[in-house]
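upload.txt follows; it contains compact mmCIF, C-alpha atoms.
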```
# COMPACT_ATOMS: atom_id res chain seq x y z
CA MET N 1 -7.17 -20.42 -0.05
CA LYS N 2 -8.66 -22.16 -3.09
CA ASN N 3 -11.95 -22.68 -1.22
CA ILE N 4 -12.05 -19.03 -0.18
CA LEU N 5 -11.44 -17.90 -3.77
CA ASP N 6 -14.04 -20.35 -5.16
CA ARG N 7 -16.70 -19.13 -2.74
CA ASN N 8 -15.76 -15.55 -3.55
CA GLN N 9 -16.02 -16.24 -7.28
CA ASN N 10 -19.49 -17.79 -7.02
CA LYS N 11 -20.85 -14.80 -5.15
CA ALA N 12 -19.07 -12.42 -7.56
CA ASN N 13 -20.76 -14.13 -10.50
CA GLU N 14 -24.16 -13.62 -8.85
CA ILE N 15 -23.42 -9.93 -8.33
CA ARG N 16 -22.20 -9.51 -11.90
CA ASN N 17 -25.38 -11.09 -13.29
CA LEU N 18 -27.53 -8.82 -11.14
CA LEU N 19 -25.67 -5.70 -12.26
CA ILE N 20 -25.95 -6.65 -15.93
CA LEU N 21 -29.69 -7.10 -15.41
CA LYS N 22 -29.92 -3.67 -13.76
CA LYS N 23 -27.58 -2.10 -16.38
CA ILE N 24 -25.25 -0.74 -13.71
CA LEU N 25 -21.51 -0.21 -14.22
CA MET N 26 -19.52 -1.28 -11.16
CA VAL N 27 -15.92 -0.07 -10.92
CA ASN N 28 -13.55 -1.65 -8.39
CA ILE N 29 -10.95 1.05 -7.68
CA ILE N 30 -7.64 -0.28 -6.36
CA SER N 31 -4.47 1.53 -5.30
CA SER N 32 -1.88 1.91 -2.56
CA PRO N 33 -2.91 3.98 0.47
CA GLY N 34 -3.00 7.65 -0.43
CA ALA N 35 -2.73 7.34 -4.22
CA GLY N 36 -5.86 9.45 -4.67
CA LYS N 37 -8.91 7.16 -4.86
CA THR N 38 -11.17 9.40 -2.80
CA THR N 39 -10.01 12.60 -4.48
CA LEU N 40 -10.72 11.00 -7.86
CA LEU N 41 -14.24 10.17 -6.65
CA GLU N 42 -14.74 13.76 -5.42
CA ARG N 43 -13.70 15.11 -8.81
CA THR N 44 -15.81 12.57 -10.69
CA CYS N 45 -18.92 13.32 -8.61
CA ASP N 46 -18.36 17.02 -9.30
CA ALA N 47 -18.07 16.46 -13.04
CA LEU N 48 -20.61 13.71 -13.67
CA GLY N 49 -23.02 13.87 -10.73
CA ALA N 50 -25.60 15.83 -12.72
CA LYS N 51 -25.47 13.48 -15.68
CA PHE N 52 -25.39 10.06 -13.99
CA ARG N 53 -26.81 8.51 -10.84
CA ILE N 54 -23.71 7.63 -8.83
CA GLY N 55 -23.42 5.33 -5.81
CA VAL N 56 -20.30 4.55 -3.76
CA ILE N 57 -19.19 1.65 -1.58
CA GLU N 58 -16.32 2.72 0.68
CA GLY N 59 -14.00 -0.06 1.83
CA ASP N 60 -12.22 1.13 4.92
CA ILE N 61 -10.44 -0.78 7.66
CA THR N 62 -11.92 0.99 10.61
CA THR N 63 -13.10 4.56 9.89
CA ASP N 64 -15.66 6.30 7.66
CA ARG N 65 -13.37 9.20 6.79
CA ASP N 66 -13.49 8.72 3.02
CA ALA N 67 -17.28 8.42 3.10
CA GLN N 68 -17.46 11.68 5.10
CA ARG N 69 -15.52 13.42 2.33
CA LEU N 70 -18.17 12.33 -0.20
CA LYS N 71 -21.25 13.22 1.86
CA LYS N 72 -21.47 16.68 0.28
CA TYR N 73 -22.50 15.10 -3.04
CA ASN N 74 -25.72 13.78 -1.57
CA ILE N 75 -25.32 10.38 -3.24
CA PRO N 76 -25.94 6.94 -1.72
CA ILE N 77 -22.78 5.80 0.09
CA VAL N 78 -22.30 2.62 2.11
CA VAL N 79 -19.21 2.00 4.24
CA ILE N 80 -17.81 -1.50 4.66
CA ASN N 81 -15.40 -1.65 7.60
CA THR N 82 -13.15 -4.66 7.13
CA GLU N 83 -11.96 -4.48 10.77
CA GLY N 84 -8.35 -5.15 9.85
CA GLY N 85 -9.10 -7.04 6.64
CA CYS N 86 -6.84 -6.03 3.78
CA HIS N 87 -9.37 -6.18 0.92
CA LEU N 88 -13.08 -6.29 0.15
CA ASP N 89 -14.67 -9.56 -0.96
CA SER N 90 -17.82 -10.37 -2.91
CA ASN N 91 -19.70 -11.51 0.19
CA SER N 92 -19.34 -8.12 1.86
CA ILE N 93 -20.43 -6.40 -1.37
CA SER N 94 -23.42 -8.70 -1.70
CA LYS N 95 -24.57 -7.86 1.82
CA VAL N 96 -24.68 -4.10 1.17
CA LEU N 97 -26.16 -4.09 -2.35
CA ASP N 98 -29.64 -4.06 -0.79
CA CYS N 99 -28.87 -0.64 0.67
CA PHE N 100 -28.92 0.83 -2.85
CA ASP N 101 -31.94 1.39 -5.05
CA LEU N 102 -30.54 -0.55 -7.99
CA ASP N 103 -33.32 0.64 -10.28
CA ASN N 104 -32.08 4.20 -9.84
CA LEU N 105 -28.35 3.83 -10.26
CA ASP N 106 -26.09 4.15 -13.31
CA VAL N 107 -22.68 3.54 -11.77
CA LEU N 108 -21.42 2.07 -8.51
CA PHE N 109 -17.86 2.99 -7.59
CA VAL N 110 -16.24 0.66 -5.08
CA GLU N 111 -13.27 2.21 -3.31
CA ASN N 112 -11.33 -0.80 -2.15
CA VAL N 113 -9.05 -0.83 0.91
CA GLY N 114 -5.74 0.94 0.19
CA ASN N 115 -3.53 -1.96 -0.84
CA LEU N 116 -1.76 -2.67 -4.12
CA ILE N 117 -1.73 -6.44 -3.64
CA CYS N 118 -4.60 -8.35 -2.03
CA PRO N 119 -7.60 -6.55 -3.61
CA SER N 120 -6.43 -7.53 -7.08
CA GLN N 121 -6.98 -11.20 -6.22
CA PHE N 122 -10.65 -10.88 -5.26
CA ASP N 123 -13.39 -10.52 -7.85
CA LEU N 124 -16.19 -8.40 -6.38
CA GLY N 125 -18.51 -8.93 -9.33
CA GLU N 126 -17.36 -5.60 -10.74
CA THR N 127 -17.59 -4.70 -14.43
CA PHE N 128 -13.86 -4.00 -14.26
CA LYS N 129 -10.98 -3.13 -11.97
CA LEU N 130 -9.37 0.30 -12.21
CA ALA N 131 -5.78 0.85 -11.03
CA ILE N 132 -4.59 4.16 -9.60
CA VAL N 133 -0.92 4.71 -8.94
CA SER N 134 0.71 8.00 -7.99
CA THR N 135 4.00 9.35 -9.27
CA THR N 136 5.31 9.85 -5.74
CA GLU N 137 5.25 6.07 -5.20
CA GLY N 138 8.03 5.77 -7.78
CA ASP N 139 8.15 4.60 -11.39
CA ASP N 140 8.81 0.96 -10.49
CA LYS N 141 5.34 0.02 -9.24
CA PRO N 142 3.96 -1.85 -12.30
CA GLY N 143 7.14 -3.95 -12.43
CA LYS N 144 7.14 -4.70 -8.71
CA TYR N 145 3.39 -5.23 -8.23
CA PRO N 146 2.31 -6.67 -11.58
CA MET N 147 -0.94 -8.42 -10.54
CA LEU N 148 -3.11 -5.33 -10.39
CA PHE N 149 -1.76 -3.94 -13.66
CA ARG N 150 -2.55 -7.27 -15.33
CA GLU N 151 -6.11 -7.33 -13.93
CA ALA N 152 -7.07 -3.68 -14.45
CA ILE N 153 -8.83 -2.42 -17.57
CA ALA N 154 -7.31 1.08 -17.25
CA VAL N 155 -4.61 2.85 -15.24
CA LEU N 156 -4.73 6.34 -13.78
CA LEU N 157 -1.30 7.80 -13.08
CA ASN N 158 -2.09 10.44 -10.47
CA LYS N 159 -0.06 13.34 -8.99
CA ILE N 160 1.69 14.21 -12.23
CA ASP N 161 1.96 17.76 -10.83
CA LEU N 162 4.57 16.41 -8.39
CA ILE N 163 6.87 14.87 -11.04
CA PRO N 164 9.21 17.92 -11.10
CA TYR N 165 9.97 17.35 -7.39
CA THR N 166 10.68 13.60 -7.63
CA ASN N 167 12.90 11.23 -9.62
CA PHE N 168 9.87 9.66 -11.35
CA ASN N 169 10.78 8.56 -14.88
CA PHE N 170 7.75 8.23 -17.12
CA GLU N 171 9.50 6.17 -19.80
CA SER N 172 10.61 3.62 -17.23
CA PHE N 173 7.09 3.46 -15.74
CA ASN N 174 5.43 3.10 -19.13
CA SER N 175 7.91 0.53 -20.39
CA ASP N 176 7.15 -1.72 -17.38
CA LEU N 177 3.43 -1.17 -17.76
CA ILE N 178 3.17 -2.12 -21.42
CA LYS N 179 5.24 -5.24 -20.80
CA ILE N 180 2.52 -6.37 -18.40
CA ASN N 181 -0.55 -5.09 -20.24
CA SER N 182 0.36 -3.76 -23.66
CA GLN N 183 -2.96 -2.20 -24.71
CA ILE N 184 -4.12 -0.76 -21.40
CA PRO N 185 -5.44 2.83 -21.50
CA LEU N 186 -3.34 5.15 -19.33
CA PHE N 187 -4.61 8.49 -18.03
CA GLN N 188 -1.99 10.90 -16.72
CA ILE N 189 -3.81 13.07 -14.21
CA SER N 190 -3.54 15.36 -11.23
CA CYS N 191 -6.65 15.14 -9.09
CA THR N 192 -5.62 18.20 -7.09
CA ARG N 193 -4.69 20.43 -10.05
CA GLY N 194 -7.12 18.96 -12.58
CA ASP N 195 -4.70 17.87 -15.33
CA GLY N 196 -5.95 15.13 -17.63
CA LEU N 197 -9.33 14.71 -15.94
CA THR N 198 -11.43 15.67 -18.97
CA ASP N 199 -10.21 12.56 -20.80
CA TRP N 200 -11.00 10.44 -17.75
CA TYR N 201 -14.54 11.87 -17.45
CA LYS N 202 -15.19 11.18 -21.12
CA TRP N 203 -13.84 7.63 -20.89
CA ILE N 204 -15.79 6.67 -17.75
CA ALA N 205 -18.97 8.29 -19.12
CA ASP N 206 -18.58 6.11 -22.23
CA GLN N 207 -18.25 3.02 -20.01
CA ILE N 208 -21.41 3.95 -18.09
CA ILE N 209 -23.37 4.49 -21.31
CA PHE N 210 -22.05 1.22 -22.72
CA SER N 211 -23.39 -0.64 -19.65
CA GLN N 212 -26.85 0.75 -20.36
CA LEU N 213 -27.07 -0.59 -23.91
CA MET F 1 -6.34 -17.94 10.35
CA LYS F 2 -5.69 -18.63 14.05
CA ASN F 3 -3.67 -21.74 13.16
CA ILE F 4 -1.63 -19.82 10.61
CA LEU F 5 -0.88 -17.10 13.15
CA ASP F 6 -0.03 -19.64 15.88
CA ARG F 7 2.42 -21.49 13.63
CA ASN F 8 3.89 -18.15 12.56
CA GLN F 9 4.29 -17.10 16.19
CA ASN F 10 6.08 -20.29 17.21
CA LYS F 11 8.63 -19.93 14.43
CA ALA F 12 9.00 -16.20 15.20
CA ASN F 13 9.79 -17.02 18.82
CA GLU F 14 12.55 -19.42 17.68
CA ILE F 15 14.04 -16.73 15.45
CA ARG F 16 13.89 -14.13 18.21
CA ASN F 17 15.69 -16.43 20.64
CA LEU F 18 18.40 -17.15 18.08
CA LEU F 19 18.93 -13.45 17.36
CA ILE F 20 19.17 -12.61 21.07
CA LEU F 21 21.78 -15.35 21.41
CA LYS F 22 23.72 -13.92 18.45
CA LYS F 23 23.22 -10.31 19.70
CA ILE F 24 21.74 -9.22 16.37
CA LEU F 25 19.18 -6.44 16.00
CA MET F 26 16.50 -7.36 13.45
CA VAL F 27 14.30 -4.54 12.14
CA ASN F 28 11.09 -5.33 10.26
CA ILE F 29 10.51 -2.30 8.00
CA ILE F 30 6.91 -1.84 6.92
CA SER F 31 5.27 0.76 4.67
CA SER F 32 3.01 1.33 1.68
CA PRO F 33 4.56 0.76 -1.74
CA GLY F 34 6.96 3.57 -2.58
CA ALA F 35 7.15 5.21 0.85
CA GLY F 36 10.94 5.00 0.80
CA LYS F 37 12.06 1.76 2.48
CA THR F 38 14.85 1.01 0.01
CA THR F 39 16.07 4.61 -0.12
CA LEU F 40 16.23 4.61 3.68
CA LEU F 41 18.34 1.45 3.54
CA GLU F 42 20.65 3.02 0.95
CA ARG F 43 21.14 6.06 3.17
CA THR F 44 21.62 3.95 6.28
CA CYS F 45 24.20 1.69 4.59
CA ASP F 46 26.06 4.83 3.47
CA ALA F 47 26.06 6.29 6.96
CA LEU F 48 26.55 3.22 9.15
CA GLY F 49 28.12 0.60 6.86
CA ALA F 50 31.63 1.29 8.14
CA LYS F 51 30.60 1.11 11.79
CA PHE F 52 28.26 -1.90 11.83
CA ARG F 53 27.98 -5.21 9.94
CA ILE F 54 24.68 -4.87 8.09
CA GLY F 55 22.62 -7.59 6.42
CA VAL F 56 19.37 -7.20 4.47
CA ILE F 57 16.43 -9.46 3.65
CA GLU F 58 14.45 -8.06 0.74
CA GLY F 59 10.79 -9.09 0.61
CA ASP F 60 9.57 -8.62 -2.93
CA ILE F 61 6.62 -10.09 -4.76
CA THR F 62 8.37 -11.09 -7.92
CA THR F 63 11.52 -9.05 -8.68
CA ASP F 64 14.92 -8.41 -7.10
CA ARG F 65 14.97 -4.71 -7.97
CA ASP F 66 15.37 -3.41 -4.44
CA ALA F 67 18.18 -5.86 -3.79
CA GLN F 68 19.92 -4.68 -6.97
CA ARG F 69 19.83 -1.14 -5.62
CA LEU F 70 21.70 -2.28 -2.49
CA LYS F 71 24.36 -4.41 -4.22
CA LYS F 72 26.80 -1.51 -4.32
CA TYR F 73 27.22 -1.70 -0.55
CA ASN F 74 28.78 -5.16 -0.73
CA ILE F 75 26.71 -6.45 2.18
CA PRO F 76 24.94 -9.81 2.48
CA ILE F 77 21.47 -9.54 0.90
CA VAL F 78 18.90 -12.28 0.46
CA VAL F 79 15.74 -11.84 -1.61
CA ILE F 80 12.51 -13.57 -0.64
CA ASN F 81 10.05 -13.56 -3.53
CA THR F 82 6.57 -14.07 -2.14
CA GLU F 83 5.15 -14.88 -5.61
CA GLY F 84 2.05 -12.78 -5.06
CA GLY F 85 2.03 -13.06 -1.27
CA CYS F 86 1.28 -9.78 0.44
CA HIS F 87 3.65 -10.08 3.42
CA LEU F 88 6.65 -11.99 4.74
CA ASP F 89 6.17 -14.63 7.43
CA SER F 90 8.48 -16.16 10.01
CA ASN F 91 8.80 -19.41 8.08
CA SER F 92 10.25 -17.68 5.03
CA ILE F 93 12.65 -15.71 7.27
CA SER F 94 13.72 -18.87 9.07
CA LYS F 95 14.58 -20.56 5.77
CA VAL F 96 16.97 -17.81 4.69
CA LEU F 97 18.71 -17.09 8.00
CA ASP F 98 21.24 -19.81 7.17
CA CYS F 99 22.41 -17.71 4.23
CA PHE F 100 23.86 -15.18 6.69
CA ASP F 101 26.94 -15.59 8.85
CA LEU F 102 25.14 -14.76 12.08
CA ASP F 103 28.40 -14.58 14.01
CA ASN F 104 29.46 -11.65 11.83
CA LEU F 105 26.35 -9.53 11.78
CA ASP F 106 25.23 -6.61 13.96
CA VAL F 107 21.94 -5.70 12.35
CA LEU F 108 19.55 -7.40 9.93
CA PHE F 109 17.13 -5.11 8.14
CA VAL F 110 14.07 -6.84 6.72
CA GLU F 111 12.35 -4.84 4.00
CA ASN F 112 8.86 -6.24 4.02
CA VAL F 113 6.55 -6.29 0.99
CA GLY F 114 5.08 -2.83 0.32
CA ASN F 115 1.77 -3.03 2.17
CA LEU F 116 0.47 -0.99 5.09
CA ILE F 117 -1.86 -3.73 6.34
CA CYS F 118 -0.95 -7.42 6.23
CA PRO F 119 2.74 -7.26 7.28
CA SER F 120 1.78 -5.67 10.59
CA GLN F 121 -0.07 -8.85 11.58
CA PHE F 122 2.86 -11.24 11.17
CA ASP F 123 5.65 -11.44 13.72
CA LEU F 124 8.89 -12.33 11.92
CA GLY F 125 10.90 -12.73 15.13
CA GLU F 126 12.16 -9.17 14.68
CA THR F 127 13.46 -7.07 17.56
CA PHE F 128 10.89 -4.47 16.51
CA LYS F 129 8.75 -3.20 13.66
CA LEU F 130 9.54 0.16 12.07
CA ALA F 131 6.82 2.11 10.23
CA ILE F 132 7.59 4.40 7.31
CA VAL F 133 4.91 6.65 5.90
CA SER F 134 5.41 9.38 3.34
CA THR F 135 3.79 12.81 3.36
CA THR F 136 2.48 12.33 -0.20
CA GLU F 137 0.22 9.50 1.04
CA GLY F 138 -1.75 12.10 3.01
CA ASP F 139 -1.96 13.00 6.69
CA ASP F 140 -4.76 10.53 7.43
CA LYS F 141 -2.77 7.29 7.28
CA PRO F 142 -2.29 6.60 11.03
CA GLY F 143 -6.03 7.12 11.58
CA LYS F 144 -7.05 4.94 8.64
CA TYR F 145 -4.46 2.16 9.03
CA PRO F 146 -3.93 2.05 12.80
CA MET F 147 -2.56 -1.50 13.18
CA LEU F 148 0.97 -0.77 12.01
CA PHE F 149 1.23 2.43 14.06
CA ARG F 150 0.16 0.49 17.14
CA GLU F 151 2.72 -2.29 16.50
CA ALA F 152 5.72 -0.18 15.48
CA ILE F 153 8.35 1.04 17.94
CA ALA F 154 9.15 4.14 15.85
CA VAL F 155 7.73 6.02 12.87
CA LEU F 156 9.66 7.65 10.04
CA LEU F 157 7.69 10.34 8.24
CA ASN F 158 9.46 10.49 4.86
CA LYS F 159 9.31 12.97 1.96
CA ILE F 160 8.95 16.05 4.16
CA ASP F 161 10.61 17.96 1.29
CA LEU F 162 7.35 17.50 -0.66
CA ILE F 163 5.05 19.00 2.00
CA PRO F 164 5.00 22.45 0.32
CA TYR F 165 3.47 20.86 -2.81
CA THR F 166 0.73 18.86 -1.03
CA ASN F 167 -2.10 19.47 1.44
CA PHE F 168 -0.35 17.40 4.12
CA ASN F 169 -1.17 18.76 7.59
CA PHE F 170 1.40 17.75 10.19
CA GLU F 171 -0.78 18.61 13.20
CA SER F 172 -3.56 16.39 11.90
CA PHE F 173 -1.09 13.54 11.21
CA ASN F 174 0.53 13.84 14.61
CA SER F 175 -2.75 14.13 16.46
CA ASP F 176 -3.94 10.82 14.95
CA LEU F 177 -0.60 9.16 15.61
CA ILE F 178 -0.37 10.02 19.30
CA LYS F 179 -3.95 8.86 19.85
CA ILE F 180 -2.84 5.42 18.63
CA ASN F 181 0.64 5.30 20.17
CA SER F 182 1.23 8.25 22.45
CA GLN F 183 4.94 7.83 23.21
CA ILE F 184 6.19 6.64 19.82
CA PRO F 185 9.36 8.33 18.52
CA LEU F 186 8.72 10.15 15.24
CA PHE F 187 11.49 11.08 12.80
CA GLN F 188 10.62 13.64 10.16
CA ILE F 189 12.95 12.91 7.27
CA SER F 190 13.61 13.28 3.59
CA CYS F 191 15.62 10.35 2.28
CA THR F 192 16.29 12.13 -1.00
CA ARG F 193 17.33 15.51 0.46
CA GLY F 194 18.78 14.21 3.73
CA ASP F 195 16.66 16.13 6.26
CA GLY F 196 16.41 14.58 9.69
CA LEU F 197 18.57 11.55 8.92
CA THR F 198 21.27 12.32 11.50
CA ASP F 199 18.77 11.77 14.31
CA TRP F 200 17.66 8.50 12.69
CA TYR F 201 21.26 7.24 12.36
CA LYS F 202 21.94 8.04 16.00
CA TRP F 203 18.76 6.33 17.16
CA ILE F 204 19.23 3.15 15.13
CA ALA F 205 22.94 2.98 16.12
CA ASP F 206 21.85 3.12 19.77
CA GLN F 207 19.41 0.24 19.13
CA ILE F 208 22.17 -1.86 17.52
CA ILE F 209 24.52 -1.20 20.43
CA PHE F 210 21.78 -1.99 22.93
CA SER F 211 21.28 -5.41 21.27
CA GLN F 212 24.92 -6.19 21.82
CA LEU F 213 24.89 -5.64 25.59
```

Can you turn what I pasted into structure tokens?
Amino acid sequence: MKNILDRNQNKANEIRNLLILKKILMVNIISSPGAGKTTLLERTCDALGAKFRIGVIEGDITTDRDAQRLKKYNIPIVVINTEGGCHLDSNSISKVLDCFDLDNLDVLFVENVGNLICPSQFDLGETFKLAIVSTTEGDDKPGKYPMLFREAIAVLLNKIDLIPYTNFNFESFNSDLIKINSQIPLFQISCTRGDGLTDWYKWIADQIIFSQL
Amino acid sequence: MKNILDRNQNKANEIRNLLILKKILMVNIISSPGAGKTTLLERTCDALGAKFRIGVIEGDITTDRDAQRLKKYNIPIVVINTEGGCHLDSNSISKVLDCFDLDNLDVLFVENVGNLICPSQFDLGETFKLAIVSTTEGDDKPGKYPMLFREAIAVLLNKIDLIPYTNFNFESFNSDLIKINSQIPLFQISCTRGDGLTDWYKWIADQIIFSQL
């Protein structure tokens, strides 16, 4: 395991250096299955597609369904099928970077395989990891799956429109989260209804601009 | 990886033989984080605790929160903390079986770590795997994460009470599912509201009784 992680880290460092050189922000998006990664990308392409040059790497076990949902934005998208693998690694990212015109890209979103555990252990060379968790998964997720919430630079709490129909307790969720990562920015959003997304767009736009300095 | 799986399989075979000898049904419950595994166990203990001798193994990365929720049933519960590990394996199950009085047990529920991918690849010596998926994860989960739905002997579709508030399409879900596993029993349930649970209780009771023949 240590050898695997060491090899992964070396390749991740190469990727990170290349992206800094090309002034590209790379965001490694991690969540459970169905927390809303693809819907967030749809919304973000809608809102920021005219302002920034967006590319997407879709990590998917066996299909290209998420990539199909993003085709309408006419942006470069590459699918990595892990064929049963539970996370992306830096080697697979490295192999597909050539498919992008890195001189004409501002941000590269990587939608990792839907898994709250394994992806948090593998550096892809990203600028940062982003955690998405949905209210319908319950308020105990940061406490029970702390690794991702320790690694991520921001958390999106999605599906807040469904809180009235669940027993989700925000105070309990937030109390666990700040124990793990006390200063982490938290965006409370609904990707289907639109709540809270303006703050997210502003924040991610700032990150993209910061990468270009 | 092949060596790991071979060693896991050997130990799983030992466990399976022991459980057949002791006439115990062992159910390996697998789902995404927050799909409702623990709530299903609470409901099932409520409904069947007087009729059958139930034991539980709680797979949890770092906490004992799910086990705490089940303490009120006064049943034997053992927690396995995987310390970051993304699934249980047969070796960890084997080590804790001694904590149970196997001569006074009808059914052993194993709540695996919340993960739709890795747990489906590891035989724990269970009688069968049970898949839980919740409507709020979206209707595309069997298509996107086929391994579990191929391995499981039954599927529980939980949180059907939330369908009116989502874009979940049952026909699309079911069409994917039967392509992967055409004869698999499907229970449409709501663990919070109680829908569909009577059929589940009857089915699982039949499985327990069958193990005792």

- Message: Show me, as a ChimeraX atom specification, the residues of chain N whose atoms get within 6 Å of chain F, using all atoms listed in the file for the distance check.
- Response: /N:34,137-138

With 6 Å of padding per side, what axis-aligned box (centre and edge lengths, Å, one decimal) covers all the listed atoms of stretch 151-164 of chain F? Give it as JSON.
```
{"center_x": 6.7, "center_y": 10.1, "center_z": 8.6, "size_x": 19.9, "size_y": 36.7, "size_z": 30.6}
```

- Query: Looking at only C-alpha atoms, which of N:Ile93, N:Ala67, N:Ala154, N:Leu5 is the one that sits closest to N:Ile178?
  - Reply: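 The closest residue to N:Ile178 is N:Ala154.
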
- Could you state the separation of atom CA of N:Trp200 and atom CA of N:Leu156 in Å, given to one decimal place?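 Separation of atom CA of N:Trp200 and atom CA of N:Leu156: 8.5 Å.
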
- Item | Distance criterion (all atoms listed in the file): nearest to N:Leu40 out of N:Phe128, N:Phe173, N:Phe168, N:Phe109 |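 Of N:Phe128, N:Phe173, N:Phe168, N:Phe109, the one nearest N:Leu40, counting all atoms listed in the file, is N:Phe109.
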
- Task: Can you work out the spacing between atom CA of N:Ala131 and atom CA of F:Leu70 in Å, to one decimal?
- Result: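 One can read the atom CA of N:Ala131 to atom CA of F:Leu70 distance as 28.9 Å.
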
- Grab the atom CA of F:Leu186 to atom CA of F:Arg16 distance for me, in Å with one decimal place. 25.0 Å

- Hey, what's within 8 Å of stretch 20-24 of chain F if we count only C-alpha atoms and toss same-chain stuff fewer than 3 positions away? As number ranges by chain, please? F: 16-17, 102-103, 105-108, 208, 211-213

- Message: List the spatial neighbours of F:Phe52 as a list of chain:residue names - criterion: any atom at most 10 Å away, all atoms listed in the file, same-chain residues fewer than 2 positions off excluded.
- Response: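 Once the nearby chain positions are removed, what remains is F:Cys45, F:Ala47, F:Leu48, F:Gly49, F:Ala50, F:Ile54, F:Gly55, F:Asn104, F:Leu105, F:Asp106, F:Val107, F:Ala205, F:Ile208, F:Ile209.
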
- Task: Pick out the closest residue to N:Ser182 from this set: N:Arg53, N:Arg150, N:Lys71, N:Lys37. Count only C-alpha atoms.
- Result: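 Smallest separation from N:Ser182 among the options: N:Arg150.
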
- Surrounding residues of N:Leu124 excluding itself and chain neighbours under 4 positions, 6 Å, only C-alpha atoms, as a list in words: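 The residues satisfying every condition are Ala12, Asp89 and Ser90 of chain N.
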
With a distance cut-off of 9 Å and all atoms listed in the file, select the neighbouring residues of F:Glu111, excluding the residue or stretch itself and same-chain residues fewer than 6 positions from it, and output the selection as an mmCIF file with C-alpha atoms, keeping the file's coordinate frame.
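The new file around_3.cif reads:
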```
data_model
loop_
_atom_site.group_PDB
_atom_site.id
_atom_site.type_symbol
_atom_site.label_atom_id
_atom_site.label_comp_id
_atom_site.auth_asym_id
_atom_site.auth_seq_id
_atom_site.Cartn_x
_atom_site.Cartn_y
_atom_site.Cartn_z
ATOM 1 C CA VAL F 27 14.300 -4.540 12.140
ATOM 2 C CA ASN F 28 11.090 -5.330 10.260
ATOM 3 C CA ILE F 29 10.510 -2.300 8.000
ATOM 4 C CA ILE F 30 6.910 -1.840 6.920
ATOM 5 C CA LYS F 37 12.060 1.760 2.480
ATOM 6 C CA THR F 38 14.850 1.010 0.010
ATOM 7 C CA LEU F 41 18.340 1.450 3.540
ATOM 8 C CA VAL F 56 19.370 -7.200 4.470
ATOM 9 C CA ILE F 57 16.430 -9.460 3.650
ATOM 10 C CA GLU F 58 14.450 -8.060 0.740
ATOM 11 C CA GLY F 59 10.790 -9.090 0.610
ATOM 12 C CA ASP F 60 9.570 -8.620 -2.930
#
```

- Message: My list of candidates is F:Asn8, F:Thr39, F:Asn81, F:Ser92. Which is closest to F:Arg69 when distances are computed with only C-alpha atoms?
- Response: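 That would be F:Thr39, the residue with the smallest distance to F:Arg69.
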
Take stretch 52-63 of chain N, model N, CA and C atoms, and hand the result over as a compact mmCIF listing (two decimals), in the coordinates of the input.
```txt
# COMPACT_ATOMS: atom_id res chain seq x y z
N PHE N 52 -25.19 11.48 -14.33
CA PHE N 52 -25.39 10.06 -13.99
C PHE N 52 -25.75 9.90 -12.51
N ARG N 53 -26.48 8.83 -12.23
CA ARG N 53 -26.81 8.51 -10.84
C ARG N 53 -25.69 7.65 -10.27
N ILE N 54 -24.93 8.24 -9.35
CA ILE N 54 -23.71 7.63 -8.83
C ILE N 54 -23.95 7.07 -7.43
N GLY N 55 -23.45 5.88 -7.17
CA GLY N 55 -23.42 5.33 -5.81
C GLY N 55 -21.99 4.93 -5.48
N VAL N 56 -21.67 4.88 -4.17
CA VAL N 56 -20.30 4.55 -3.76
C VAL N 56 -20.33 3.55 -2.62
N ILE N 57 -19.48 2.53 -2.72
CA ILE N 57 -19.19 1.65 -1.58
C ILE N 57 -17.77 1.98 -1.13
N GLU N 58 -17.62 2.35 0.14
CA GLU N 58 -16.32 2.72 0.68
C GLU N 58 -15.76 1.58 1.51
N GLY N 59 -14.70 0.95 1.04
CA GLY N 59 -14.00 -0.06 1.83
C GLY N 59 -12.99 0.63 2.71
N ASP N 60 -13.08 0.39 3.99
CA ASP N 60 -12.22 1.13 4.92
C ASP N 60 -11.96 0.19 6.10
N ILE N 61 -10.76 0.17 6.60
CA ILE N 61 -10.44 -0.78 7.66
C ILE N 61 -11.28 -0.51 8.91
N THR N 62 -11.31 0.75 9.31
CA THR N 62 -11.92 0.99 10.61
C THR N 62 -12.68 2.32 10.72
N THR N 63 -12.46 3.24 9.78
CA THR N 63 -13.10 4.56 9.89
C THR N 63 -14.14 4.75 8.78
```
